[in-house]
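K.L.:
Structure file structure-v7.txt (compact mmCIF, C-alpha atoms) is given on the next line.
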# COMPACT_ATOMS: atom_id res chain seq x y z
CA MET A 664 91.68 76.33 128.89
CA THR A 665 89.57 75.90 125.77
CA ALA A 666 91.38 75.73 122.46
CA THR A 667 90.14 77.88 119.60
CA VAL A 668 88.89 75.72 116.77
CA PRO A 669 89.55 77.33 113.37
CA ALA A 670 86.60 77.76 111.05
CA THR A 671 86.22 75.01 108.49
CA ALA A 672 86.05 75.93 104.83
CA PRO A 673 82.78 74.88 103.19
CA ASP A 674 82.63 72.22 100.51
CA THR A 675 83.36 74.31 97.43
CA ARG A 676 82.87 71.68 94.77
CA SER A 677 79.44 73.15 94.03
CA LEU A 678 80.94 76.61 93.42
CA HIS A 679 82.57 75.61 90.12
CA LEU A 680 79.91 74.48 87.67
CA PRO A 681 81.41 72.94 84.51
CA ALA A 682 79.50 73.57 81.28
CA GLY A 683 76.35 71.47 81.15
CA SER A 684 76.41 70.45 84.81
CA ALA A 685 73.74 72.97 85.81
CA ALA A 686 71.42 72.52 82.82
CA ALA A 687 67.73 72.31 83.67
CA GLY A 688 64.72 72.01 81.39
CA ALA A 689 64.90 74.59 78.61
CA TYR A 690 68.07 76.14 80.03
CA ALA A 691 71.67 75.22 79.21
CA LEU A 692 72.50 76.81 82.56
CA GLU A 693 70.28 77.54 85.53
CA VAL A 694 71.58 79.19 88.70
CA THR A 695 68.91 80.33 91.12
CA PRO A 696 69.22 81.65 94.67
CA GLU A 697 67.93 78.27 95.83
CA SER A 698 70.42 76.20 93.81
CA ALA A 699 73.31 78.50 94.78
CA GLY A 700 72.42 78.45 98.47
CA TRP A 701 72.10 82.21 98.76
CA GLY A 702 69.32 84.79 98.58
CA HIS A 703 69.45 87.13 95.61
CA SER A 704 71.46 86.54 92.38
CA GLY A 705 70.56 84.25 89.48
CA LEU A 706 71.52 83.45 85.90
CA ARG A 707 70.02 81.30 83.17
CA VAL A 708 71.31 80.70 79.65
CA LEU A 709 68.63 80.01 77.06
CA GLU A 710 69.51 78.37 73.75
CA LEU A 711 67.00 78.75 70.92
CA ALA A 712 67.06 77.02 67.54
CA PRO A 713 66.13 79.10 64.46
CA GLY A 714 62.48 80.06 64.83
CA GLY A 715 62.52 78.94 68.46
CA THR A 716 60.40 80.55 71.14
CA HIS A 717 60.31 80.48 74.93
CA THR A 718 57.86 81.79 77.52
CA LEU A 719 59.57 83.31 80.56
CA SER A 720 57.77 84.01 83.82
CA THR A 721 59.89 86.31 85.97
CA GLY A 722 58.16 85.63 89.30
CA GLU A 723 59.99 87.38 92.16
CA ASP A 724 62.91 88.37 89.92
CA GLU A 725 63.77 91.26 87.67
CA VAL A 726 65.58 89.98 84.57
CA VAL A 727 68.05 91.51 82.13
CA VAL A 728 68.05 89.64 78.80
CA VAL A 729 71.50 89.74 77.18
CA PRO A 730 72.18 88.17 73.76
CA LEU A 731 75.39 86.12 73.87
CA SER A 732 74.97 85.28 70.20
CA GLY A 733 72.12 85.99 67.82
CA GLY A 734 69.16 88.35 67.92
CA LEU A 735 65.88 88.14 69.82
CA ALA A 736 62.33 89.50 69.78
CA VAL A 737 60.94 90.17 73.26
CA SER A 738 57.25 90.76 73.99
CA CYS A 739 56.28 91.74 77.54
CA ASP A 740 53.66 93.96 79.20
CA GLY A 741 52.46 95.22 75.82
CA HIS A 742 55.97 96.14 74.66
CA ASP A 743 57.57 94.56 71.59
CA LEU A 744 61.35 94.90 71.66
CA THR A 745 63.82 93.81 68.99
CA LEU A 746 67.33 92.94 70.14
CA ALA A 747 69.78 93.03 67.24
CA GLY A 748 72.26 91.04 69.35
CA ARG A 749 75.73 90.12 68.09
CA PRO A 750 77.61 87.24 66.46
CA ASP A 751 79.41 86.33 69.70
CA VAL A 752 80.53 87.80 73.01
CA PHE A 753 83.83 89.04 71.56
CA ALA A 754 82.10 91.16 68.89
CA GLY A 755 81.37 94.14 71.13
CA PRO A 756 78.57 95.32 73.43
CA THR A 757 75.04 94.22 72.66
CA ASP A 758 71.65 95.74 73.17
CA PHE A 759 69.56 94.17 75.93
CA ALA A 760 66.10 94.13 77.51
CA TYR A 761 64.96 94.75 81.07
CA LEU A 762 61.96 92.75 82.33
CA PRO A 763 60.26 93.47 85.66
CA ARG A 764 59.21 91.05 88.36
CA GLU A 765 55.77 89.42 88.08
CA ALA A 766 55.82 89.51 84.28
CA THR A 767 55.42 87.03 81.45
CA ALA A 768 57.59 87.49 78.37
CA GLN A 769 57.67 85.76 75.00
CA LEU A 770 61.19 85.34 73.61
CA THR A 771 61.58 84.44 69.91
CA SER A 772 64.72 84.13 67.79
CA GLU A 773 64.32 84.05 64.02
CA ARG A 774 67.85 82.78 63.40
CA GLY A 775 68.53 81.13 66.75
CA GLY A 776 71.06 82.03 69.40
CA ARG A 777 72.11 81.94 73.03
CA PHE A 778 70.78 84.41 75.57
CA ALA A 779 71.76 85.17 79.16
CA LEU A 780 68.96 85.93 81.61
CA CYS A 781 70.59 87.86 84.47
CA SER A 782 68.30 88.06 87.48
CA ALA A 783 67.89 89.25 91.05
CA ARG A 784 65.11 89.12 93.61
CA ALA A 785 63.36 92.46 93.37
CA SER A 786 60.91 94.39 95.52
CA ARG A 787 60.09 97.23 93.10
CA ARG A 788 58.38 96.63 89.77
CA LEU A 789 60.00 98.84 87.13
CA PRO A 790 58.89 99.18 83.49
CA VAL A 791 60.03 97.08 80.54
CA ARG A 792 62.91 98.83 78.76
CA HIS A 793 65.33 98.42 75.87
CA GLY A 794 69.03 99.16 76.42
CA PRO A 795 70.76 100.17 73.16
CA ALA A 796 74.25 98.86 72.42
CA ALA A 797 75.46 102.35 71.54
CA GLY A 798 74.59 103.46 75.08
CA VAL A 799 76.77 100.85 76.85
CA PRO A 800 79.79 102.52 78.50
CA VAL A 801 82.99 100.65 77.56
CA GLU A 802 85.75 100.99 80.15
CA LEU A 803 89.39 100.03 79.61
CA ARG A 804 90.46 99.03 83.12
CA GLY A 805 93.98 98.39 84.40
CA ALA A 806 97.19 98.51 82.36
CA GLY A 807 99.91 96.26 81.03
CA ALA A 808 99.23 92.59 81.72
CA CYS A 809 96.26 93.60 83.89
CA SER A 810 94.46 95.38 81.03
CA ARG A 811 90.86 94.37 80.38
CA GLN A 812 87.70 95.77 78.83
CA VAL A 813 84.50 96.21 80.84
CA ASN A 814 81.10 96.63 79.16
CA ASN A 815 79.07 98.33 81.90
CA PHE A 816 75.62 97.68 80.47
CA ALA A 817 73.64 97.24 83.72
CA THR A 818 75.83 98.61 86.47
CA ALA A 819 74.64 100.96 89.20
CA GLY A 820 74.57 104.53 87.94
CA VAL A 821 74.38 103.41 84.31
CA PHE A 822 71.06 101.57 84.04
CA GLU A 823 68.21 101.71 86.55
CA ALA A 824 67.16 98.46 88.20
CA ASP A 825 65.92 97.46 91.62
CA ALA A 826 68.75 95.11 92.66
CA VAL A 827 70.59 93.43 89.79
CA ILE A 828 74.06 94.63 88.77
CA ALA A 829 75.61 93.13 85.63
CA CYS A 830 78.59 93.76 83.37
CA GLU A 831 80.83 91.96 80.89
CA VAL A 832 84.62 91.72 81.10
CA ILE A 833 86.85 90.79 78.15
CA THR A 834 90.47 89.90 78.90
CA PRO A 835 93.05 89.51 76.11
CA GLY A 836 94.89 86.20 76.04
CA GLY A 837 97.75 86.09 78.55
CA ASN A 838 96.35 88.87 80.77
CA TRP A 839 94.99 88.85 84.32
CA SER A 840 91.68 90.46 85.29
CA SER A 841 89.65 90.67 88.50
CA TYR A 842 92.98 91.79 89.91
CA PRO A 843 94.01 92.83 92.49
CA PRO A 844 91.80 90.32 94.34
CA HIS A 845 88.91 92.12 95.96
CA LYS A 846 85.78 91.39 97.94
CA HIS A 847 82.31 92.79 98.57
CA ASP A 848 80.81 90.68 101.35
CA GLU A 849 80.19 93.22 104.13
CA THR A 850 78.05 96.32 104.48
CA SER A 851 80.13 99.41 105.21
CA ASP A 852 81.14 102.73 103.72
CA ALA A 853 83.81 100.84 101.77
CA GLU A 854 81.85 97.71 100.73
CA THR A 855 78.45 96.53 99.65
CA GLU A 856 77.41 92.94 100.31
CA LEU A 857 76.92 91.25 96.93
CA GLU A 858 76.69 87.63 95.80
CA GLU A 859 78.40 87.20 92.43
CA ILE A 860 78.15 84.85 89.46
CA TYR A 861 80.96 84.51 86.92
CA TYR A 862 79.88 82.98 83.59
CA PHE A 863 82.86 82.32 81.29
CA GLU A 864 83.36 81.95 77.56
CA VAL A 865 86.83 81.17 76.20
CA ALA A 866 87.81 82.07 72.64
CA PRO A 867 89.17 79.11 70.65
CA GLY A 868 92.65 79.00 69.14
CA PRO A 869 93.35 79.72 65.45
CA GLN A 870 92.45 76.17 64.41
CA GLY A 871 89.54 75.92 66.82
CA GLN A 872 91.55 74.55 69.74
CA ALA A 873 89.69 74.62 73.06
CA GLY A 874 91.03 77.18 75.50
CA LEU A 875 91.10 77.44 79.26
CA ALA A 876 91.42 79.97 82.05
CA TYR A 877 91.85 80.00 85.82
CA HIS A 878 89.84 81.66 88.54
CA ARG A 879 90.61 82.05 92.24
CA VAL A 880 88.38 82.61 95.30
CA TYR A 881 89.72 82.61 98.86
CA GLY A 882 88.46 83.76 102.22
CA THR A 883 89.37 85.15 105.59
CA PRO A 884 90.06 83.19 108.79
CA GLU A 885 86.55 84.05 109.94
CA ARG A 886 84.89 83.09 106.65
CA PRO A 887 87.08 80.56 104.83
CA ILE A 888 86.51 79.59 101.23
CA ASP A 889 88.99 78.05 98.79
CA VAL A 890 88.42 77.73 95.04
CA LEU A 891 91.06 77.40 92.34
CA ALA A 892 89.13 76.48 89.20
CA GLU A 893 90.40 75.58 85.75
CA VAL A 894 87.52 77.03 83.78
CA ARG A 895 86.55 76.09 80.25
CA ASP A 896 84.11 77.56 77.77
CA ARG A 897 80.67 78.12 79.36
CA ASP A 898 81.72 77.20 82.91
CA VAL A 899 80.44 79.12 85.95
CA VAL A 900 82.05 80.04 89.27
CA LEU A 901 79.90 81.21 92.18
CA VAL A 902 81.29 83.70 94.71
CA PRO A 903 79.14 83.78 97.86
CA HIS A 904 81.81 85.73 99.79
CA GLY A 905 85.54 86.20 100.08
CA TRP A 906 88.39 87.61 98.03
CA HIS A 907 88.12 86.76 94.35
CA GLY A 908 90.62 87.12 91.54
CA PRO A 909 92.57 86.78 89.49
CA SER A 910 90.80 85.53 86.41
CA ILE A 911 93.67 84.45 84.17
CA ALA A 912 93.35 84.15 80.39
CA ALA A 913 95.65 81.60 78.77
CA PRO A 914 97.93 82.95 76.03
CA GLY A 915 96.20 82.79 72.66
CA HIS A 916 92.71 82.55 74.17
CA ASP A 917 90.79 85.74 74.89
CA LEU A 918 88.53 85.39 77.93
CA TYR A 919 84.98 86.67 78.43
CA TYR A 920 83.01 86.63 81.61
CA LEU A 921 79.59 87.92 82.54
CA ASN A 922 79.23 89.11 86.14
CA VAL A 923 75.81 89.08 87.82
CA MET A 924 75.53 90.53 91.32
CA ALA A 925 72.88 91.33 93.92
CA GLY A 926 72.68 91.46 97.68
CA PRO A 927 70.54 92.11 100.73
CA GLY A 928 71.26 95.80 101.25
CA PRO A 929 68.85 98.61 100.37
CA GLU A 930 71.49 100.37 98.26
CA ARG A 931 72.23 99.15 94.73
CA ALA A 932 75.94 99.86 94.55
CA TRP A 933 79.24 98.12 93.75
CA ARG A 934 81.78 99.04 96.41
CA ILE A 935 84.82 96.80 96.84
CA VAL A 936 87.98 96.54 98.91
CA ASP A 937 91.24 95.12 97.58
CA ASP A 938 93.22 92.46 99.38
CA PRO A 939 95.86 94.62 101.12
CA GLU A 940 98.55 92.08 100.21
CA HIS A 941 98.01 92.82 96.52
CA ALA A 942 96.55 96.34 96.40
CA TRP A 943 99.95 97.85 95.52
CA VAL A 944 99.56 96.50 91.98
CA ARG A 945 97.12 99.31 91.16
CA ASP A 946 99.85 101.88 91.73
CA THR A 947 101.97 100.35 88.96
CA TRP A 948 99.35 100.99 86.29
CA THR A 949 100.19 104.69 86.01
CA GLN A 950 103.60 103.73 84.58
CA GLN A 951 102.17 101.31 82.01
CA ASP A 952 100.11 101.59 78.85
CA VAL A 953 96.80 99.86 78.31
CA ASP A 954 97.20 96.68 76.26
CA PRO A 955 97.05 97.85 72.60
CA ARG A 956 94.77 94.91 71.75
CA LEU A 957 91.97 96.72 73.55
CA PRO A 958 89.21 97.39 72.83
CA LEU A 959 88.47 93.96 71.37
CA HIS A 960 85.76 95.23 69.01
CA SER A 961 84.78 98.03 66.69
CA PRO A 962 82.39 100.53 68.33
CA PRO A 963 78.78 100.42 67.09
CA THR A 964 78.11 102.84 64.24
CA SER A 965 74.32 102.52 64.37
CA PRO A 966 71.69 100.92 66.63
CA ASP A 967 71.59 97.96 64.22
CA GLN A 968 75.35 97.38 64.11
CA ASN A 969 76.45 96.15 67.50
CA GLY A 970 80.20 95.87 67.01
CA ALA A 971 81.98 94.17 64.16
CA THR A 972 84.06 91.09 64.90
CA ARG A 973 87.60 92.30 65.47
CA PRO A 974 90.25 91.58 62.82
Starting from the coordinates I provided, produce the structure as structure tokens.
P.N.:
Amino acid sequence: MTATVPATAPDTRSLHLPAGSAAAGAYALEVTPESAGWGHSGLRVLELAPGGTHTLSTGEDEVVVVPLSGGLAVSCDGHDLTLAGRPDVFAGPTDFAYLPREATAQLTSERGGRFALCSARASRRLPVRHGPAAGVPVELRGAGACSRQVNNFATAGVFEADAVIACEVITPGGNWSSYPPHKHDETSDAETELEEIYYFEVAPGPQGQAGLAYHRVYGTPERPIDVLAEVRDRDVVLVPHGWHGPSIAAPGHDLYYLNVMAGPGPERAWRIVDDPEHAWVRDTWTQQDVDPRLPLHSPPTSPDQNGATRP
């Protein structure tokens, strides 16, 4: 009789990337399909000093340029786009730029800033486009202690792209998000197979104290994975597969994360299944109010005013 040997969980140390640990060249953060050990999703964070400029070659990837702080001028394929940007990620949705594969773009910031370059391997070459901040759907998801705000700037059905799916989630201090735990690692009517990147920023305390958060990833007996990360400002967690959530914001420290997803399937869609052990939590939301701290910004009043910093 042959004993069944349980699957061994992979070494997950490389799935939590502390701030600065994945810097490369001009980028404060660089996650590529090659460095992540998967096939589709990527993220870079570019930091520019006042007057700074950077030449970006997209290669096989389509890229969504998202100001984290500051504004940006983008020149690509004969298009000159101006991104008004925002003071920081807690100041509301920002405008953004879409760049196609096989393109060269010049990025210039008059006052300096930090910019996320969300990417995915693409087969179609779509045109350069500007996404206005006023057009970003803002969703208040969950209720009670599971309340969070989702800025759906480049999700399927909202903004056309070949493969990349991206959104921002803002969680008030003390709340849980990415909950119930869910997964999207199979292709079925209920799921789409998507690799996912979580890029975190943690709001400081009232005297500038550094904050923290926690993020969980766990697997199935067939595909084990085990991550429990204490995340700090500008950390990253990679989710190649498995159940993921919660993301827990410490009291007094609002939590931001940028999600970047892509996968091998022909359909660009975000379909998920909840962990059945925790799915019941959704049913409790109908008896609770959304956290009154949400939304965590003032809505844009013009294309040039991308959300005032909340009081």
K.L.:
Report as JSON lines: every residue of stretch 747-812 of chain A with an atom at most 8 Å from stretch 913-926 of chain A, its closest pair of atoms, and their distance in Å to one decimal, counting all atoms listed in the file, with rows sorted by chain and ascending residue number.
P.N.:
{"residue": "A:Val752", "atom": "CA", "partner": "A:Tyr919", "partner_atom": "CA", "distance": 7.1}
{"residue": "A:Phe753", "atom": "CA", "partner": "A:Tyr919", "partner_atom": "CA", "distance": 7.4}
{"residue": "A:Cys781", "atom": "CA", "partner": "A:Val923", "partner_atom": "CA", "distance": 6.3}
{"residue": "A:Ser782", "atom": "CA", "partner": "A:Val923", "partner_atom": "CA", "distance": 7.6}
{"residue": "A:Ala783", "atom": "CA", "partner": "A:Ala925", "partner_atom": "CA", "distance": 6.1}
K.L.:
Restricting it to C-alpha atoms, dump the selection as a compact mmCIF listing (two decimals), keeping the file's coordinate frame.
P.N.:
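Result file part.txt:
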# COMPACT_ATOMS: atom_id res chain seq x y z
CA VAL A 752 80.53 87.80 73.01
CA PHE A 753 83.83 89.04 71.56
CA CYS A 781 70.59 87.86 84.47
CA SER A 782 68.30 88.06 87.48
CA ALA A 783 67.89 89.25 91.05
K.L.:
For A:Pro843, which of A:Ala824, A:Val899, A:Val936, A:Leu789 is the closest residue, counting all atoms listed in the file?
P.N.:
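With all atoms listed in the file as the atom set, the closest residue is A:Val936.
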K.L.:
Go through A:Leu706, A:Leu711, A:Val799, A:Val694 one by one, measure the shortest atom-to-atom distance of each to A:Glu725 using all atoms listed in the file, and give the residue with the smallest value.
P.N.:
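For A:Glu725, the nearest of the given residues is A:Leu706.
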K.L.:
Env of A:Ala932: 7 Å cut, atoms = only C-alpha atoms, seq-sep filter 2 positions within chain, self excluded. Answer as a PyMOL selection string.
P.N.:
chain A and resi 819+855+930+934
K.L.:
Quick one: everything within 10 Å of A:Trp948, counting all atoms listed in the file, minus sequence neighbours fewer than 5 positions away in the same chain. Send it as a PyMOL selection string.
P.N.:
chain A and resi 804-810+943+953
K.L.:
Using all atoms listed in the file, what residues lie at most 9 Å away from (79.0, 101.4, 85.3) (file coordinates), given as a ChimeraX atom specification?
P.N.:
/A:799-802,813-822,829-830
K.L.:
Separation of atom CA of A:Ile911 and atom CA of A:Thr850, in Å?
P.N.:
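Answer for the atom CA of A:Ile911 to atom CA of A:Thr850 separation: 28.2 Å.
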